[in-house]
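So this block is upload_4.txt, compact mmCIF, C-alpha atoms (C1' of nucleotides):
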# COMPACT_ATOMS: atom_id res chain seq x y z
CA MET A 136 -19.39 -17.09 -4.54
CA GLU A 137 -21.21 -14.04 -3.21
CA ALA A 138 -19.23 -10.81 -3.35
CA VAL A 139 -18.58 -9.36 0.08
CA ALA A 140 -19.18 -5.62 0.39
CA MET A 141 -16.76 -3.33 2.20
CA ASP A 142 -16.67 0.43 2.65
CA MET A 143 -13.98 2.35 0.75
CA GLU A 144 -12.10 3.46 3.84
CA LYS A 145 -11.64 -0.07 5.15
CA ALA A 146 -11.05 -1.56 1.72
CA ALA A 147 -8.21 0.89 1.08
CA MET A 148 -6.76 0.07 4.50
CA ILE A 149 -6.78 -3.66 3.78
CA PHE A 150 -5.31 -3.25 0.31
CA LYS A 151 -2.54 -1.14 1.76
CA LEU A 152 -1.88 -3.79 4.37
CA LEU A 153 -1.82 -6.54 1.75
CA GLY A 154 0.11 -4.38 -0.71
CA ASP A 155 3.33 -5.77 0.66
CA LYS A 156 4.56 -9.04 -0.79
CA THR A 157 5.70 -10.41 2.56
CA ARG A 158 2.42 -9.70 4.34
CA LEU A 159 0.34 -10.85 1.40
CA THR A 160 2.20 -14.16 1.29
CA MET A 161 1.95 -14.53 5.06
CA VAL A 162 -1.79 -14.18 4.97
CA LYS A 163 -2.12 -16.60 2.08
CA ILE A 164 -0.02 -19.15 3.96
CA LEU A 165 -2.14 -18.65 7.09
CA ASP A 166 -5.17 -19.42 4.96
CA GLU A 167 -3.66 -22.86 4.47
CA THR A 168 -2.17 -23.50 7.91
CA ASP A 169 -1.32 -21.79 11.19
CA CYS A 170 2.31 -20.74 11.59
CA CYS A 171 4.61 -19.54 14.30
CA VAL A 172 7.06 -16.67 13.99
CA CYS A 173 10.16 -18.80 13.55
CA GLU A 174 8.57 -20.58 10.60
CA PHE A 175 8.00 -17.29 8.84
CA VAL A 176 11.58 -16.28 9.61
CA GLU A 177 12.67 -19.46 7.86
CA ILE A 178 10.29 -19.09 4.92
CA PHE A 179 11.05 -15.47 4.16
CA ARG A 180 14.72 -15.53 5.23
CA MET A 181 14.17 -12.25 6.95
CA SER A 182 15.14 -11.02 10.43
CA GLN A 183 12.88 -12.04 13.32
CA PRO A 184 12.01 -8.46 14.30
CA SER A 185 11.00 -7.71 10.74
CA ILE A 186 8.66 -10.71 10.72
CA SER A 187 7.24 -9.74 14.11
CA GLN A 188 6.56 -6.22 12.89
CA HIS A 189 4.68 -7.43 9.83
CA LEU A 190 2.62 -9.75 12.00
CA ARG A 191 1.87 -6.90 14.36
CA LYS A 192 0.42 -4.82 11.58
CA LEU A 193 -1.76 -7.69 10.50
CA ARG A 194 -2.86 -8.27 14.09
CA ASP A 195 -3.52 -4.59 14.78
CA ALA A 196 -5.86 -4.55 11.81
CA GLY A 197 -7.62 -7.64 13.13
CA VAL A 198 -6.66 -9.79 10.15
CA VAL A 199 -4.73 -12.35 12.18
CA LYS A 200 -4.76 -13.47 15.79
CA GLU A 201 -2.08 -14.99 17.97
CA GLU A 202 -2.15 -17.86 20.40
CA ARG A 203 0.69 -18.86 22.63
CA LYS A 204 1.54 -22.55 22.74
CA GLY A 205 4.29 -22.95 25.26
CA GLN A 206 7.40 -21.35 23.95
CA TRP A 207 5.88 -20.53 20.58
CA ILE A 208 3.28 -18.07 19.43
CA PHE A 209 1.10 -19.29 16.63
CA TYR A 210 -0.62 -16.98 14.23
CA SER A 211 -3.80 -17.74 12.35
CA LEU A 212 -6.42 -15.90 10.36
CA ASN A 213 -8.89 -14.18 12.66
CA GLN A 214 -12.12 -15.76 11.50
CA VAL A 215 -14.15 -13.66 13.92
CA SER A 216 -13.09 -10.37 12.31
CA GLU A 217 -15.60 -8.48 10.21
CA LEU A 218 -12.81 -8.32 7.64
CA TYR A 219 -12.49 -12.08 7.37
CA PRO A 220 -14.96 -12.68 4.51
CA PHE A 221 -13.40 -9.86 2.51
CA VAL A 222 -9.86 -11.08 3.11
CA ARG A 223 -10.89 -14.65 2.33
CA GLN A 224 -12.35 -13.51 -0.94
CA ILE A 225 -9.12 -11.78 -1.88
CA LEU A 226 -7.04 -14.80 -0.94
CA GLN A 227 -9.00 -17.03 -3.25
CA THR A 228 -7.58 -15.16 -6.22
CA LEU A 229 -3.98 -15.84 -5.14
CA PRO A 230 -1.83 -18.85 -6.03
CA ASP A 231 -1.43 -21.69 -3.54
CA GLN A 232 1.64 -21.34 -1.29
CA GLY A 233 1.84 -25.02 -0.37
CA GLU A 234 5.27 -25.26 -1.98
CA LYS A 235 6.72 -22.90 0.60
CA LEU A 236 5.40 -25.10 3.38
CA LYS A 237 6.67 -28.27 1.72
CA GLU A 238 10.10 -26.78 1.37
CA LEU A 239 10.05 -25.62 4.98
CA GLU A 240 9.21 -29.16 6.04
CA LYS A 241 11.95 -30.56 3.82
CA ASN A 242 14.51 -28.32 5.51
CA GLY A 243 13.35 -29.40 8.93
CA GLY A 244 11.97 -25.94 9.67
CA ARG A 245 8.59 -27.33 10.53
CA ILE A 246 9.67 -30.11 12.85
CA ALA A 247 11.90 -27.96 15.03
CA CYS A 248 8.94 -25.79 15.93
CA CYS A 249 5.75 -27.69 16.02
CA MET B 283 -18.19 -15.45 -11.00
CA GLU B 284 -14.94 -17.24 -11.76
CA ALA B 285 -12.02 -16.22 -9.55
CA VAL B 286 -9.20 -14.66 -11.56
CA ALA B 287 -5.74 -15.92 -10.68
CA MET B 288 -2.77 -13.57 -10.27
CA ASP B 289 0.81 -14.14 -9.22
CA MET B 290 1.85 -12.85 -5.79
CA GLU B 291 4.25 -10.23 -7.12
CA LYS B 292 1.67 -8.58 -9.32
CA ALA B 293 -1.13 -8.99 -6.79
CA ALA B 294 0.93 -7.20 -4.13
CA MET B 295 1.71 -4.44 -6.63
CA ILE B 296 -1.96 -3.91 -7.43
CA PHE B 297 -3.01 -3.97 -3.80
CA LYS B 298 -0.37 -1.39 -3.01
CA LEU B 299 -1.62 0.76 -5.87
CA LEU B 300 -5.22 0.43 -4.70
CA GLY B 301 -4.24 0.80 -1.05
CA ASP B 302 -4.78 4.52 -1.29
CA LYS B 303 -8.29 5.82 -0.79
CA THR B 304 -8.06 8.38 -3.57
CA ARG B 305 -6.78 5.93 -6.18
CA LEU B 306 -9.17 3.21 -5.08
CA THR B 307 -12.12 5.57 -5.41
CA MET B 308 -10.86 6.85 -8.76
CA VAL B 309 -10.72 3.36 -10.17
CA LYS B 310 -14.18 2.52 -8.84
CA ILE B 311 -15.56 5.68 -10.43
CA LEU B 312 -13.86 4.82 -13.74
CA ASP B 313 -15.59 1.45 -13.57
CA GLU B 314 -18.84 3.41 -13.80
CA THR B 315 -17.88 6.19 -16.23
CA ASP B 316 -14.89 7.79 -17.92
CA CYS B 317 -13.61 10.99 -16.30
CA CYS B 318 -11.26 13.80 -17.10
CA VAL B 319 -8.71 15.24 -14.71
CA CYS B 320 -10.67 18.35 -13.78
CA GLU B 321 -13.62 16.22 -12.72
CA PHE B 322 -11.44 14.31 -10.29
CA VAL B 323 -10.03 17.59 -8.99
CA GLU B 324 -13.61 18.65 -8.27
CA ILE B 325 -14.66 15.31 -6.74
CA PHE B 326 -11.66 14.91 -4.44
CA ARG B 327 -11.11 18.63 -3.74
CA MET B 328 -7.43 18.06 -4.18
CA SER B 329 -4.81 19.94 -6.19
CA GLN B 330 -4.60 19.22 -9.91
CA PRO B 331 -0.98 17.99 -9.77
CA SER B 332 -1.88 15.57 -7.01
CA ILE B 333 -4.69 14.12 -9.11
CA SER B 334 -2.40 13.91 -12.15
CA GLN B 335 0.20 12.06 -10.14
CA HIS B 336 -2.29 9.50 -8.88
CA LEU B 337 -3.53 8.97 -12.42
CA ARG B 338 0.04 8.56 -13.62
CA LYS B 339 0.65 5.74 -11.18
CA LEU B 340 -2.50 4.00 -12.30
CA ARG B 341 -1.53 4.49 -15.93
CA ASP B 342 2.07 3.34 -15.42
CA ALA B 343 0.70 0.11 -13.98
CA GLY B 344 -1.57 -0.30 -16.97
CA VAL B 345 -4.75 -0.07 -14.91
CA VAL B 346 -6.10 3.00 -16.69
CA LYS B 347 -5.54 4.56 -20.10
CA GLU B 348 -5.86 8.12 -21.30
CA GLU B 349 -7.37 9.62 -24.40
CA ARG B 350 -7.19 13.23 -25.37
CA LYS B 351 -10.40 14.87 -26.51
CA GLY B 352 -9.51 18.38 -27.52
CA GLN B 353 -8.52 20.30 -24.46
CA TRP B 354 -9.35 17.49 -22.07
CA ILE B 355 -7.75 14.19 -21.34
CA PHE B 356 -10.17 11.44 -20.44
CA TYR B 357 -9.20 8.49 -18.33
CA SER B 358 -10.84 5.10 -18.43
CA LEU B 359 -10.15 1.58 -17.25
CA ASN B 360 -7.72 -0.17 -19.56
CA GLN B 361 -9.77 -3.16 -20.58
CA VAL B 362 -6.93 -4.56 -22.67
CA SER B 363 -4.60 -4.93 -19.67
CA GLU B 364 -3.92 -8.39 -18.32
CA LEU B 365 -4.75 -6.87 -14.93
CA TYR B 366 -8.24 -5.87 -15.98
CA PRO B 367 -10.12 -9.02 -14.90
CA PHE B 368 -8.38 -8.98 -11.53
CA VAL B 369 -9.07 -5.29 -10.97
CA ARG B 370 -12.66 -5.73 -12.10
CA GLN B 371 -13.10 -8.51 -9.60
CA ILE B 372 -11.80 -6.33 -6.78
CA LEU B 373 -14.03 -3.44 -7.81
CA GLN B 374 -17.13 -5.60 -7.57
CA THR B 375 -16.65 -5.80 -3.83
CA LEU B 376 -16.65 -2.01 -3.43
CA PRO B 377 -19.64 0.26 -2.88
CA ASP B 378 -21.13 2.16 -5.80
CA GLN B 379 -19.73 5.69 -6.20
CA GLY B 380 -22.64 7.02 -8.23
CA GLU B 381 -23.40 9.58 -5.52
CA LYS B 382 -20.09 11.33 -6.13
CA LEU B 383 -20.93 11.67 -9.81
CA LYS B 384 -24.45 12.90 -9.08
CA GLU B 385 -23.09 15.53 -6.75
CA LEU B 386 -20.49 16.57 -9.31
CA GLU B 387 -23.27 17.00 -11.86
CA LYS B 388 -25.39 18.96 -9.37
CA ASN B 389 -22.52 21.38 -8.83
CA GLY B 390 -22.09 21.88 -12.56
CA GLY B 391 -18.71 20.14 -12.47
CA ARG B 392 -19.74 17.72 -15.16
CA ILE B 393 -21.19 20.14 -17.66
CA ALA B 394 -18.20 22.49 -17.75
CA CYS B 395 -15.98 19.66 -18.89
CA CYS B 396 -17.78 17.23 -21.07
C1' DT C 104 -0.42 36.38 -32.52
C1' DT C 105 -1.93 36.56 -27.55
C1' DA C 106 -4.62 35.04 -23.73
C1' DC C 107 -6.87 31.30 -21.59
C1' DT C 108 -7.70 26.54 -20.12
C1' DA C 109 -6.38 21.72 -19.10
C1' DT C 110 -2.88 18.86 -17.96
C1' DA C 111 1.89 17.19 -16.94
C1' DT C 112 6.16 17.54 -14.79
C1' DA C 113 9.78 19.27 -11.56
C1' DA C 114 11.32 20.43 -7.19
C1' DT C 115 10.59 20.09 -2.50
C1' DA C 116 8.92 19.02 2.21
C1' DA C 117 6.50 16.19 5.63
C1' DT C 118 5.18 11.70 6.64
C1' DT C 119 5.28 6.85 6.45
C1' DT C 120 7.41 2.49 5.61
C1' DA C 121 10.39 -1.40 6.10
C1' DC C 122 14.28 -2.64 7.34
C1' DT C 123 18.37 -2.94 10.80
C1' DT C 124 20.65 -3.68 15.57
C1' DA C 125 20.12 -3.78 20.44
C1' DT C 126 17.46 -5.03 24.23
C1' DA C 127 13.47 -6.70 27.05
C1' DT C 128 10.17 -10.31 28.21
C1' DA C 129 8.38 -14.91 28.68
C1' DT C 130 8.83 -19.80 28.57
C1' DT C 131 11.33 -24.19 28.93
C1' DC C 132 14.66 -27.15 30.61
C1' DA C 133 18.95 -28.72 32.86
C1' DT D 44 18.14 -21.26 40.05
C1' DG D 45 20.53 -20.08 35.51
C1' DA D 46 21.07 -20.86 30.51
C1' DA D 47 18.81 -21.28 26.23
C1' DT D 48 15.06 -20.32 23.06
C1' DA D 49 11.13 -17.69 21.03
C1' DT D 50 9.15 -13.50 20.54
C1' DA D 51 8.25 -8.47 21.14
C1' DT D 52 9.60 -3.87 21.42
C1' DA D 53 12.63 0.25 20.99
C1' DA D 54 15.58 3.18 18.50
C1' DG D 55 17.66 4.52 14.39
C1' DT D 56 17.90 5.01 9.33
C1' DA D 57 17.32 4.94 4.32
C1' DA D 58 13.94 4.85 0.96
C1' DA D 59 9.35 5.49 -0.59
C1' DT D 60 5.03 8.01 -0.54
C1' DT D 61 1.92 11.88 -0.90
C1' DA D 62 1.10 16.13 -0.74
C1' DT D 63 2.45 21.08 -2.05
C1' DT D 64 3.97 25.16 -5.15
C1' DA D 65 6.06 26.58 -9.35
C1' DT D 66 6.57 25.92 -14.08
C1' DA D 67 6.23 23.75 -18.76
C1' DT D 68 3.38 21.99 -22.51
C1' DA D 69 -0.50 21.59 -25.53
C1' DG D 70 -4.78 22.79 -27.21
C1' DT D 71 -8.59 26.48 -28.07
C1' DA D 72 -10.35 30.72 -29.20
C1' DA D 73 -10.29 35.84 -29.39
Starting from the file, give its structure as structure tokens.
Amino acid sequence: MEAVAMDMEKAAMIFKLLGDKTRLTMVKILDETDCCVCEFVEIFRMSQPSISQHLRKLRDAGVVKEERKGQWIFYSLNQVSELYPFVRQILQTLPDQGEKLKELEKNGGRIACC
Amino acid sequence: MEAVAMDMEKAAMIFKLLGDKTRLTMVKILDETDCCVCEFVEIFRMSQPSISQHLRKLRDAGVVKEERKGQWIFYSLNQVSELYPFVRQILQTLPDQGEKLKELEKNGGRIACC
DNA sequence: TTACTATATAATAATTTACTTATATATTCA
DNA sequence: TGAATATATAAGTAAATTATTATATAGTAA
């Protein structure tokens, strides 16, 4: 894989953003599948406002985008962002989070939403 | 290059550590050459205690190591750390900081120390 | 020894962060 | 329409972060 260059200012900003376990895991999960807010609430067992605030930070930086589907708002990686290749590269070094999704599905957390 | 795996906990910790422009730049510089504290003070135009505290965080995490040489204490990347391959991989995506070292040398900041 | 230099640590202050609870907004559905 | 659900935002708070100034420590050199 080709290394993706990034200026120091932006790189530090992204690392800071991803330097939080919740946000880092969110982004890794979004690399595998889109998710709505209530799914993250279930996965992280954290209050809904807290989840929303983390997602806002990721969205403000352009790392993720949102798309309303009826009652739900789905988040996904923003593939159009200039940051996308850099973020992608980082995510490749992180362990698969498929287990979290499987468990969510097992507990019915996926069906209720999507 | 092979991607280096890292568990989420540790990855988030490293990103947080590198999510500060000063520390990120320090580590990138150390990837090019060892430096002593007074050189960083000169490069970043920041107080000596502030530089020392950033270096302490990097050292506490095992990212850098120190070695006293007479009056000076030289910092370098800790190649023995389990984090080293991961950090190295991140650094490869960042722009060369050779200019900062050249400028330091031009201003005599390098000669006084080393 | 004394003075000087390089560095670390302590104490502190301003700012930022990551939660919480309460409330507002938007959509669906009876 | 009104109730229920999903999400966002606001306000408040405790803890963490990053700088500062003041001081301690360790080495060098007169």
Would you tabulate, counting all atoms listed in the file, all residues of chain A that have an atom at most 8 Å from an atom of chain C, showing the closest pair of atoms and their distance in Å to one decimal, sorted by chain then ascending number, as a Markdown table?
| residue | atom | partner | partner_atom | distance |
| --- | --- | --- | --- | --- |
| A:Ser185 | CA | C:DC122 | C1' | 6.9 |
| A:Gly205 | CA | C:DT130 | C1' | 6.4 |
| A:Gln206 | CA | C:DT130 | C1' | 5.1 |
Next item on the list: For DA49 (chain D), list every protein, DNA or RNA residue within 12 Å, evaluated using all atoms listed in the file, and leave out those in the same chain fewer than 4 positions away; present the list as a list in words.
Entry: Cys171, Val172, Cys173, Glu174, Val176, Gln183, Pro184, Ser187, Arg203, Lys204, Gly205, Gln206, Trp207, Ile208, Phe209, Ala247 and Cys248 of chain A; DT128, DA129, DT130 and DT131 of chain C
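What separates CA of Met143 (chain A) from CA of Met288 (chain B) is a distance of 22.4 Å.
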Next item on the list: Kindly provide, as a ChimeraX atom specification, the polymer residues lying within 10 Å of (-3.1, -22.3, 5.4), counting all atoms listed in the file and using the coordinates exactly as they appear in the file.
Entry: /A:161-170,211-212,231-233,236
Next item on the list: For chain A, report every residue with an atom at most 8 Å from chain B (counting all atoms listed in the file), formatted as a PyMOL selection string.
Entry: chain A and resi 136+138-144+146-156+159-160+225+227-230
Checklist line | Point-to-point distance from CA of Tyr366 (chain B) to CA of Ser216 (chain A), Å rounded to tenths | finding: 29.1 Å
Margin query: With all atoms listed in the file considered, list every residue of chain D at most 10 Å from chain B, as a PyMOL selection string.
Written below: chain D and resi 61-64+69-71
Size and centre in Å, one decimal, axis-aligned box, all listed region 54-68 of chain D atoms plus 8 Å per side, as JSON:
{"center_x": 9.5, "center_y": 14.9, "center_z": -2.0, "size_x": 32.8, "size_y": 39.4, "size_z": 57.0}
Next item on the list: Please measure the separation of C1' of DG55 (chain D) and CA of Lys192 (chain A), giving the value in Å to one decimal.
Entry: 19.8 Å
